[in-house]
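Source file: input_16.txt. Holds: compact mmCIF, C-alpha atoms.
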# COMPACT_ATOMS: atom_id res chain seq x y z
CA MET G 26 -14.04 13.88 13.82
CA PRO G 27 -13.41 11.31 11.07
CA LYS G 28 -14.07 7.63 11.69
CA LEU G 29 -10.98 5.45 11.39
CA MET G 30 -10.59 1.70 10.84
CA THR G 31 -7.60 -0.51 11.41
CA ILE G 32 -7.11 -3.09 8.68
CA THR G 33 -4.82 -5.98 9.62
CA LEU G 34 -3.19 -8.97 7.98
CA GLU G 35 -3.09 -10.96 11.21
CA HIS G 36 -0.57 -13.69 10.37
CA ARG G 37 1.90 -11.17 8.96
CA GLY G 38 1.29 -8.78 11.88
CA VAL G 39 0.86 -5.75 9.61
CA SER G 40 -1.81 -3.07 9.96
CA CYS G 41 -2.81 0.17 8.32
CA VAL G 42 -5.36 2.85 9.18
CA ALA G 43 -8.15 3.93 6.85
CA GLU G 44 -10.45 6.94 7.10
CA LEU G 45 -14.09 6.40 6.20
CA LEU G 46 -15.36 8.61 3.36
CA GLU G 47 -18.70 9.39 4.96
CA LYS G 48 -19.55 12.27 2.61
CA ASP G 49 -18.88 10.19 -0.52
CA ALA G 50 -20.31 6.83 0.56
CA PRO G 51 -22.58 7.40 3.58
CA ARG G 52 -24.69 4.23 3.27
CA THR G 53 -21.67 1.99 2.82
CA CYS G 54 -19.77 3.65 5.67
CA GLU G 55 -22.74 3.31 8.02
CA ALA G 56 -23.27 -0.37 7.16
CA VAL G 57 -19.59 -1.28 7.60
CA TRP G 58 -19.05 0.85 10.73
CA ARG G 59 -22.12 -0.61 12.43
CA SER G 60 -20.89 -4.16 11.69
CA LEU G 61 -17.23 -3.89 12.74
CA PRO G 62 -15.22 -5.92 13.51
CA LEU G 63 -15.33 -7.94 10.30
CA GLY G 64 -12.83 -10.33 8.81
CA GLY G 65 -12.03 -13.66 7.31
CA ASP G 66 -9.56 -15.57 5.19
CA ALA G 67 -7.40 -13.29 3.04
CA TYR G 68 -7.15 -13.78 -0.71
CA HIS G 69 -5.14 -12.05 -3.39
CA ALA G 70 -7.07 -11.10 -6.53
CA LYS G 71 -6.56 -12.98 -9.78
CA TYR G 72 -7.98 -10.41 -12.18
CA ALA G 73 -8.07 -7.02 -10.47
CA ARG G 74 -4.30 -6.95 -9.99
CA ASN G 75 -3.15 -5.33 -6.70
CA GLU G 76 -6.00 -6.31 -4.40
CA VAL G 77 -6.24 -8.29 -1.18
CA TYR G 78 -9.74 -9.10 0.04
CA THR G 79 -11.90 -11.16 2.33
CA MET G 80 -15.45 -12.38 1.89
CA VAL G 81 -17.91 -12.12 4.77
CA GLU G 82 -21.56 -12.97 5.21
CA ARG G 83 -24.02 -10.24 4.33
CA PHE G 84 -24.31 -7.85 7.25
CA THR G 85 -26.95 -5.53 5.80
CA GLU G 86 -30.65 -6.26 5.48
CA ASP G 87 -31.03 -3.90 2.54
CA GLU G 88 -28.70 -3.56 -0.43
CA VAL G 89 -26.41 -0.58 0.01
CA GLY G 90 -26.39 0.06 -3.74
CA LEU G 91 -23.70 1.83 -5.69
CA GLU G 92 -22.19 4.99 -4.25
CA ASN G 93 -18.79 6.47 -5.02
CA PRO G 94 -18.24 3.57 -7.46
CA THR G 95 -15.07 2.75 -9.32
CA VAL G 96 -13.74 0.16 -11.74
CA THR G 97 -10.20 1.61 -11.53
CA PRO G 98 -9.25 1.68 -7.83
CA ILE G 99 -6.04 3.42 -6.84
CA PRO G 100 -3.51 2.57 -4.13
CA GLY G 101 -5.09 3.06 -0.70
CA ASP G 102 -8.70 2.58 -1.83
CA VAL G 103 -10.83 0.46 0.49
CA VAL G 104 -13.71 -0.99 -1.51
CA PHE G 105 -17.02 -2.73 -0.76
CA PHE G 106 -18.61 -5.20 -3.19
CA SER G 107 -21.94 -6.96 -2.76
CA PHE G 108 -22.30 -10.20 -4.70
CA ALA G 109 -25.54 -12.10 -5.08
CA GLY G 110 -25.09 -15.86 -4.83
CA GLY G 111 -25.83 -16.39 -8.52
CA MET G 112 -23.05 -14.06 -9.60
CA LEU G 113 -20.33 -16.24 -8.12
CA ASP G 114 -18.99 -19.32 -9.88
CA ARG G 115 -19.86 -22.66 -8.19
CA ARG G 116 -16.23 -23.75 -7.93
CA PHE G 117 -15.22 -20.36 -6.48
CA LYS G 118 -17.99 -20.59 -3.85
CA GLU G 119 -16.97 -24.12 -2.87
CA GLU G 120 -13.28 -23.16 -2.77
CA LYS G 121 -14.02 -20.22 -0.46
CA GLY G 122 -16.49 -22.18 1.69
CA ILE G 123 -19.39 -19.86 0.88
CA HIS G 124 -21.48 -22.13 -1.34
CA GLY G 125 -24.41 -22.19 1.12
CA LEU G 126 -24.76 -18.41 1.36
CA PRO G 127 -27.29 -16.42 -0.70
CA GLY G 128 -24.59 -13.84 -1.35
CA VAL G 129 -21.52 -12.29 0.22
CA ILE G 130 -19.84 -8.98 0.91
CA ASP G 131 -16.31 -8.60 -0.43
CA LEU G 132 -14.15 -6.15 1.54
CA ALA G 133 -11.03 -5.24 -0.38
CA ILE G 134 -7.96 -3.06 -0.17
CA PHE G 135 -5.95 -1.94 -3.17
CA TYR G 136 -2.24 -1.47 -2.63
CA GLY G 137 -0.75 -0.72 -6.02
CA ARG G 138 -1.48 0.97 -9.34
CA ASN G 139 -3.10 -0.14 -12.60
CA ASN G 140 -6.10 -2.01 -11.19
CA LEU G 141 -9.07 -2.82 -13.40
CA LEU G 142 -12.27 -4.39 -12.10
CA LEU G 143 -13.15 -6.45 -15.15
CA ASN G 144 -14.17 -10.09 -14.74
CA GLY G 145 -14.14 -12.33 -17.79
CA ASP G 146 -17.36 -14.08 -16.72
CA VAL G 147 -19.54 -11.09 -15.89
CA GLY G 148 -17.86 -7.95 -17.23
CA TRP G 149 -17.33 -4.76 -15.25
CA VAL G 150 -17.54 -5.13 -11.46
CA PRO G 151 -17.89 -1.67 -9.89
CA GLY G 152 -17.25 -1.37 -6.17
CA ASN G 153 -17.96 1.34 -3.60
CA VAL G 154 -14.88 3.24 -2.44
CA TYR G 155 -15.84 3.91 1.17
CA ALA G 156 -12.47 4.53 2.84
CA THR G 157 -8.92 5.49 2.05
CA ILE G 158 -5.75 4.29 3.75
CA VAL G 159 -4.19 7.27 5.54
CA ASP G 160 -1.38 5.56 7.46
CA GLY G 161 0.71 2.46 6.80
CA LEU G 162 0.02 1.91 3.08
CA ASP G 163 3.70 1.24 2.40
CA ARG G 164 3.92 -1.53 5.03
CA MET G 165 0.56 -2.98 4.00
CA ALA G 166 1.55 -2.94 0.31
CA GLU G 167 4.68 -4.94 1.09
CA ALA G 168 2.65 -7.48 3.09
CA CYS G 169 -0.04 -7.70 0.38
CA ASN G 170 2.62 -8.30 -2.24
CA ASP G 171 3.92 -11.12 -0.03
CA VAL G 172 0.41 -12.62 -0.03
CA TRP G 173 0.72 -12.65 -3.84
CA ARG G 174 4.21 -14.18 -3.85
CA SER G 175 4.00 -16.54 -0.86
CA GLY G 176 0.27 -17.26 -0.71
CA GLY G 177 -2.50 -16.43 1.67
CA VAL G 178 -3.02 -19.79 3.38
CA GLY G 179 -3.53 -19.15 7.07
CA GLU G 180 -3.79 -15.39 6.60
CA ARG G 181 -6.79 -13.36 7.82
CA LEU G 182 -7.77 -9.85 6.76
CA VAL G 183 -9.53 -8.08 9.64
CA TYR G 184 -11.30 -4.71 9.78
CA SER G 185 -11.93 -3.07 13.15
CA ARG G 186 -12.60 0.34 14.64
CA ALA G 187 -9.37 2.20 15.27
CA GLU G 188 -8.69 3.04 18.89
CA SER G 189 -8.58 6.79 19.45

Turn this file's structure into structure tokens for me.
Amino acid sequence: MPKLMTITLEHRGVSCVAELLEKDAPRTCEAVWRSLPLGGDAYHAKYARNEVYTMVERFTEDEVGLENPTVTPIPGDVVFFSFAGGMLDRRFKEEKGIHGLPGVIDLAIFYGRNNLLLNGDVGWVPGNVYATIVDGLDRMAEACNDVWRSGGVGERLVYSRAES
């Protein structure tokens, strides 16, 4: 039986369901599943295009490493990024309130086409595709686009185990 997560934009009251890709990204799936629920302030990407994400404290003792990586996520991809503290810009860390952490995990969903994970400061930023949205992508895409248009202040992106 596949493992399912509910991903929610709490303030907007919109959720979708994602299926973990355990065969393609087993280490990432295990680390995330074991740590659920996870969540934090929601942000819309500046560079990647159609991405909404949250940053959380590291929840793995060991680096997961790359598995099922992409730099061109498609709509419905749920992606895991691990950033060492030195990779993140000082102003960005202060702005997000993560300047005291040695590194962070970025949990992202992609809701539209033509995404490219290229950062002007560091180059290509591959992420692990560890789940795919199987229900509610249309509603979530509309809400994510509203985060882009209206802003994400007060919004939280939360990942939890789906109730069976």

Contact residues around Ala166 (chain G) with only C-alpha atoms at 10 Å, ignoring same-chain residues under 5 positions, as JSON, numbers by chain: {"G": [39, 41, 75, 76, 77, 100, 101, 134, 135, 136, 137, 161, 171, 172]}

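Our summary of the geometry notes that CA of Ser107 (chain G) is positioned 16.8 Å from CA of Gly122 (chain G).
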
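A straight line drawn from CA of Asn153 (chain G) to CA of Arg174 (chain G) is 27.1 Å long.
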
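A cut-off of 12 Å from the point (5.6, -8.1, 2.2), with all atoms listed in the file, picks out the residues Leu34, His36, Arg37, Gly38, Val39, Ser40, Tyr136, Leu162, Asp163, Arg164, Met165, Ala166, Glu167, Ala168, Cys169, Asn170, Asp171, Val172, Trp173, Arg174, Ser175, Gly176 and Gly177 of chain G.
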
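One finds CA of Tyr184 (chain G) at 5.2 Å from CA of Leu63 (chain G).
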
Nearby residues (all atoms listed in the file) at most 12 Å from Glu55 (chain G), same-chain spacing under 3 positions excluded, as an MDAnalysis selection string: chainID G and resid 28 45:52 58:61 84:85 89 155:156

Residue with smallest distance to Asp131 (chain G) - pool G:Ile99, G:Val154, G:Val81, G:Val147, counting all atoms listed in the file: G:Val81

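For the point (-4.4, -11.5, 5.3), the residues with an atom at a distance of at most 6 Å are Leu34, Ala67, Glu180, Arg181 and Leu182 of chain G, counting only C-alpha atoms.
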
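The nearest approach to Val57 (chain G) among the residues G:Val150, G:Phe106, G:Gly125, G:Val159, with only C-alpha atoms taken into account, belongs to G:Phe106.
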
Residues near Ser185 (chain G), cut-off 6 Å, all atoms listed in the file, skip fewer than 3 positions along chain, as a VMD selection string: chain G and resid 30 to 31 61 to 62

Mind writing the picked residues with C-alpha atoms as a PDB file, in the coordinates of the input?
ATOM      1  CA  MET G  30     -10.590   1.700  10.840  1.00  0.00           C
ATOM      2  CA  THR G  31      -7.600  -0.510  11.410  1.00  0.00           C
ATOM      3  CA  LEU G  61     -17.230  -3.890  12.740  1.00  0.00           C
ATOM      4  CA  PRO G  62     -15.220  -5.920  13.510  1.00  0.00           C
TER       5      PRO G  62
END

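You can rank G:Ala43, G:Ala109, G:Leu143, G:Met80 by their closest distance to Ile130 (chain G) using all atoms listed in the file, and at the top of that list sits G:Met80.
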
Residues within 6 Å of Tyr78 (chain G), all atoms listed in the file, excluding chain neighbours under 6 positions, as a ChimeraX atom specification: /G:67-68,132-133

Please, can region 123-139 of chain G be completed to N, CA and C atoms and returned as a PDB file, in the frame of the given file?
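Result went into part26.pdb, see below:
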ATOM      1  N   ILE G 123     -18.223 -20.740   0.790  1.00  0.00           N
ATOM      2  CA  ILE G 123     -19.390 -19.860   0.880  1.00  0.00           C
ATOM      3  C   ILE G 123     -20.539 -20.353   0.005  1.00  0.00           C
ATOM      4  N   HIS G 124     -20.487 -21.612  -0.405  1.00  0.00           N
ATOM      5  CA  HIS G 124     -21.480 -22.130  -1.340  1.00  0.00           C
ATOM      6  C   HIS G 124     -22.896 -22.163  -0.773  1.00  0.00           C
ATOM      7  N   GLY G 125     -23.076 -22.156   0.538  1.00  0.00           N
ATOM      8  CA  GLY G 125     -24.410 -22.190   1.120  1.00  0.00           C
ATOM      9  C   GLY G 125     -25.014 -20.819   1.356  1.00  0.00           C
ATOM     10  N   LEU G 126     -24.263 -19.757   1.089  1.00  0.00           N
ATOM     11  CA  LEU G 126     -24.760 -18.410   1.360  1.00  0.00           C
ATOM     12  C   LEU G 126     -25.509 -17.844   0.156  1.00  0.00           C
ATOM     13  N   PRO G 127     -26.544 -17.022   0.404  1.00  0.00           N
ATOM     14  CA  PRO G 127     -27.290 -16.420  -0.700  1.00  0.00           C
ATOM     15  C   PRO G 127     -26.486 -15.337  -1.419  1.00  0.00           C
ATOM     16  N   GLY G 128     -25.462 -14.864  -0.799  1.00  0.00           N
ATOM     17  CA  GLY G 128     -24.590 -13.840  -1.350  1.00  0.00           C
ATOM     18  C   GLY G 128     -23.560 -13.469  -0.314  1.00  0.00           C
ATOM     19  N   VAL G 129     -22.591 -12.667  -0.707  1.00  0.00           N
ATOM     20  CA  VAL G 129     -21.520 -12.290   0.220  1.00  0.00           C
ATOM     21  C   VAL G 129     -21.144 -10.822   0.007  1.00  0.00           C
ATOM     22  N   ILE G 130     -20.459 -10.293   1.004  1.00  0.00           N
ATOM     23  CA  ILE G 130     -19.840  -8.980   0.910  1.00  0.00           C
ATOM     24  C   ILE G 130     -18.337  -9.213   0.778  1.00  0.00           C
ATOM     25  N   ASP G 131     -17.746  -8.545  -0.175  1.00  0.00           N
ATOM     26  CA  ASP G 131     -16.310  -8.600  -0.430  1.00  0.00           C
ATOM     27  C   ASP G 131     -15.742  -7.272   0.064  1.00  0.00           C
ATOM     28  N   LEU G 132     -14.825  -7.334   1.012  1.00  0.00           N
ATOM     29  CA  LEU G 132     -14.150  -6.150   1.540  1.00  0.00           C
ATOM     30  C   LEU G 132     -12.707  -6.195   1.068  1.00  0.00           C
ATOM     31  N   ALA G 133     -12.316  -5.193   0.298  1.00  0.00           N
ATOM     32  CA  ALA G 133     -11.030  -5.240  -0.380  1.00  0.00           C
ATOM     33  C   ALA G 133     -10.198  -3.993  -0.115  1.00  0.00           C
ATOM     34  N   ILE G 134      -8.885  -4.187  -0.163  1.00  0.00           N
ATOM     35  CA  ILE G 134      -7.960  -3.060  -0.170  1.00  0.00           C
ATOM     36  C   ILE G 134      -7.109  -3.165  -1.428  1.00  0.00           C
ATOM     37  N   PHE G 135      -6.790  -2.012  -1.979  1.00  0.00           N
ATOM     38  CA  PHE G 135      -5.950  -1.940  -3.170  1.00  0.00           C
ATOM     39  C   PHE G 135      -4.648  -1.268  -2.779  1.00  0.00           C
ATOM     40  N   TYR G 136      -3.528  -1.918  -3.138  1.00  0.00           N
ATOM     41  CA  TYR G 136      -2.240  -1.470  -2.630  1.00  0.00           C
ATOM     42  C   TYR G 136      -1.260  -1.020  -3.697  1.00  0.00           C
ATOM     43  N   GLY G 137      -1.641  -1.128  -4.936  1.00  0.00           N
ATOM     44  CA  GLY G 137      -0.750  -0.720  -6.020  1.00  0.00           C
ATOM     45  C   GLY G 137      -1.554  -0.114  -7.159  1.00  0.00           C
ATOM     46  N   ARG G 138      -0.859   0.299  -8.203  1.00  0.00           N
ATOM     47  CA  ARG G 138      -1.480   0.970  -9.340  1.00  0.00           C
ATOM     48  C   ARG G 138      -1.982  -0.009 -10.397  1.00  0.00           C
ATOM     49  N   ASN G 139      -2.686   0.567 -11.386  1.00  0.00           N
ATOM     50  CA  ASN G 139      -3.100  -0.140 -12.600  1.00  0.00           C
ATOM     51  C   ASN G 139      -4.080  -1.279 -12.332  1.00  0.00           C
TER      52      ASN G 139
END
